[in-house]
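Q: Just passing along the structure, written as structure tokens.
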Amino acid sequence: MSQEQSDALLETQIAFSQACNEAVPFAVKNRCWNRVALHHLCYYKIREILPDLGSQMVCNALKKVCSSYKTLKIKKSQDVPKVIFKENSSVHYDKRTYSVKDNTLSLFTVTGRIKCKFVTGDFQREYLERGAVKEAELVRKGKRWFFNLVLDLPDTPLKDGKIIAVDVGENNLATTSNGTIHGGGKLRHERDRFLARRAKLQSNGSRAAKRCLKRVSGRERRHVKETNHIVSKKVVEEAVKSGVGTIALEDLTNIRKRIKGNKRIRSRLHRWAWYELQQFVEYKAKAEGISVVYVNPAYSSQVCSKCDCLGSRHKHIFKCPNCGSYQHSDRNAAVNLLRLGESVVSSMAPVNVPMVATPGLATSFRL
């Protein structure tokens with residue numbers, strides 16, 4: 001990319017951020033983050049201030065402002081905060097403002113269209129050939145420009161094969177019916193440390209404590225999310241290696257309403273991200289052509305997977321008084337879920353098998 005092209009992109013980035021900031025007061029005053037409604041409120045005003053930005057880029061700026069406010073999930077009782085877009089914020093592009101042909105990228109700028117070559121790796125090139133390009137984000141990191149494309153990939157055909165079940169929990173994050181156990185003791189200990197630290201800082205109440213709270217805010221959430229990604233990836237990799245066509249998961253709807261215990265236990269369990277882990281497993285599995293079914297987990301931890309009699313569970317040991325079997329309690333639950341999943345899959349006619357679409361893939365190219 002030449003220096004003139006880089007300067008043109010920089011001017012476009014500054015103008016785009018300015019357009020977003022011009023739209024923010026209208027969104028705050030009218031509590032409006034609907035793209036069409038916000039368009040009627042401030043489109044012409046922004047066009048008068050920034051005539052070189054172009055009509056479509058102004059529409060893209062309004063869309064970005066609305067998306068930013070929607071992610072905040074503002075309640076009716078809350079005041080609408082003022083979102084500030086910095087000059088180095090990403091620039092949103094759509095099909096009308098960019099095009100890709102071979103290794104050439106055509107981009108709209110405030111000084112006119114520019115064409116530049118972009119660099120792709122083997123991974124990006126493979127997906128670029130398979131999928132259709134959608135929206136994109138132009139990002140500047142230092143002196144380099146990156147174009148993050150979203151691709152619409154074709155549906156992945158569902159595989160036919162055996163079934164495995166996954167039991168989720170606190171002590172063990174995930175246990176498969178094959179016997180693989182992904183422990184959660186370390187994560188639970190770290191989350192308890194985060195909770196104790198927050199409680200200590202909140203009870204302090206000093207300005208330094210509040211600054212520290214702001215600094216560590218979200219750290220636990222990001223750590224839990226990363227752990228869920230790692231565990232879900234391992235679960236799906238095991239399913240692929242085993243030739244699995246379906247993964248059975250627990251239907252945990254309204255589980256938080258059924259949790260009993262003291263305040264400390266309720267606080268820890270209500271912050272546990274079971275649903276997030278299952279969602280990660282589901283979308284990673286569907287990307288591999290593996291279907292996912294949800295089954296009712298009632299009594300799956302109390303019934304013996306060998307003789308269907310009620311047994312006793314003590315920590316990680318499940319004992320059946322009828323057949324005398326000793327098993328790992330979580331694996332016993334996973335085998336029970338497996339049987340339920342097999343009954344669900346066998347009862348589905350081929351015409352009722354849901355079609356699964358692979359989620360959009362975001363990939364980045366260096367300009």
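Quick note on naming: the chains in the structure tokens go A, B, ... in the order shown, residues restart at 1 in each chain, and ligands are numbered from 1 in order of appearance.
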Just the alpha helix (DSSP H) stuff from stretch 191-254 of chain A, please, per backbone DSSP, written as a PyMOL selection string.
A: chain A and resi 191-204+207-216+219-241
Q: Would you list the contacts of A:Phe108 as an mmCIF file with C-alpha atoms, in the first residue's frame, taking every protein, DNA or RNA residue within 10 Å and counting only C-alpha atoms, but skipping same-chain residues closer than 3 positions in sequence?
A:
data_model
loop_
_atom_site.group_PDB
_atom_site.id
_atom_site.type_symbol
_atom_site.label_atom_id
_atom_site.label_comp_id
_atom_site.auth_asym_id
_atom_site.auth_seq_id
_atom_site.Cartn_x
_atom_site.Cartn_y
_atom_site.Cartn_z
ATOM 1 C CA ALA A 8 -6.715 8.391 2.458
ATOM 2 C CA LEU A 9 -7.743 5.549 4.761
ATOM 3 C CA THR A 12 -11.726 8.182 6.197
ATOM 4 C CA LEU A 53 -17.995 10.924 3.794
ATOM 5 C CA GLY A 54 -20.730 9.785 1.450
ATOM 6 C CA GLN A 56 -23.602 4.972 2.489
ATOM 7 C CA MET A 57 -20.731 5.479 4.932
ATOM 8 C CA TYR A 93 -17.818 -1.374 5.362
ATOM 9 C CA ARG A 96 -21.649 -0.952 -1.435
ATOM 10 C CA THR A 97 -18.429 0.486 -0.064
ATOM 11 C CA TYR A 98 -15.916 -2.249 -0.896
ATOM 12 C CA SER A 99 -15.327 -5.088 -3.327
ATOM 13 C CA THR A 111 -10.815 11.191 -1.439
ATOM 14 C CA GLY A 112 -12.186 8.573 -3.814
ATOM 15 C CA ARG A 113 -11.928 4.834 -4.393
ATOM 16 C CA ILE A 114 -8.576 3.173 -3.906
ATOM 17 C CA LYS A 115 -7.396 -0.242 -5.044
#
Q: Please list as a VMD selection string every residue within 12 Å of A:Arg31, counting only C-alpha atoms and excluding residues in the same chain fewer than 6 positions away.
A: chain A and resid 23 to 25 37 to 38 41 66 69 to 70 73 to 82
Q: For the strand (DSSP E) assignment from backbone DSSP, which residues of stretch 42-252 of chain A qualify? Please present them as a VMD selection string.
A: chain A and resid 91 to 93 98 to 101 104 to 107 114 to 117 132 to 141 144 to 152 162 to 168 172 to 176 181 to 183 244 to 250
Q: Provide the atom CA of A:Ala165 to atom CA of A:Leu277 distance in Å, to one decimal place.
A: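 Going from atom CA of A:Ala165 over to atom CA of A:Leu277 covers 14.0 Å.
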Q: Quick one: of A:Ala132, A:Leu187, A:Cys59, A:Val244, who's nearest to A:Ile164, counting only C-alpha atoms?
A: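 Among A:Ala132, A:Leu187, A:Cys59, A:Val244, it is A:Val244 that comes nearest to A:Ile164.
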Q: With only C-alpha atoms as the atoms that count, which of A:Asn21, A:Asn296, A:Asn60, A:Asn254 lies nearest to A:Val36?
A: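 Closest to A:Val36, using only C-alpha atoms: A:Asn60.
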Q: May I ask for the distance between atom CA of A:Lys134 and atom CA of A:Arg47, given in Å to one decimal place?
A: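 A separation of 25.3 Å between them.
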Q: So what do you get for atom CA of A:Thr175 versus atom CA of A:Asn228, distance-wise?
A: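 We find that atom CA of A:Thr175 and atom CA of A:Asn228 lie 13.3 Å from each other.
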Q: Please list as a list in words every residue within 10 Å of A:Pro321, counting only C-alpha atoms and excluding residues in the same chain fewer than 4 positions away.
A: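 Counting only C-alpha atoms, the residues come to Cys304, Cys309, Leu310, Gly311, Ser312, Ser325 and Tyr326 of chain A.
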Q: If we count only C-alpha atoms and set the cut-off at 6 Å, which residues sit around stretch 177-183 of chain A, ignoring sequence neighbours fewer than 4 positions away in its own chain? Please answer as a PyMOL selection string.
A: chain A and resi 164-165+172-173+331+334-335
Q: Measuring atom to atom with only C-alpha atoms, identify which of A:Ser2, A:Trp272, A:Val281, A:Ser89 is nearest to A:Arg140.
A: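 Smallest distance to A:Arg140 is found for A:Ser89.
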Q: Skip A:Cys20 itself and residues of its chain fewer than 3 positions away, then list as a PDB file with C-alpha atoms, in the first residue's frame all residues within 7 Å of it, counting only C-alpha atoms.
A:
ATOM      1  CA  PHE A  16     -16.153   7.970  10.150  1.00  0.00           C
ATOM      2  CA  SER A  17     -15.443   8.312  13.890  1.00  0.00           C
ATOM      3  CA  ALA A  23     -24.988  10.610  16.006  1.00  0.00           C
ATOM      4  CA  VAL A  24     -24.437   9.763  19.690  1.00  0.00           C
ATOM      5  CA  ALA A  61     -21.776   4.911  10.959  1.00  0.00           C
ATOM      6  CA  LEU A  62     -25.363   4.993  12.210  1.00  0.00           C
ATOM      7  CA  VAL A  65     -23.674   3.495  16.821  1.00  0.00           C
ATOM      8  CA  PHE A  85     -15.702   6.795  19.347  1.00  0.00           C
TER       9      PHE A  85
END
Q: Here is a test: counting only C-alpha atoms, which residue of A:Tyr275, A:Tyr294, A:Tyr44, A:Phe147 is nearest to A:Gly169?
A: A:Tyr275
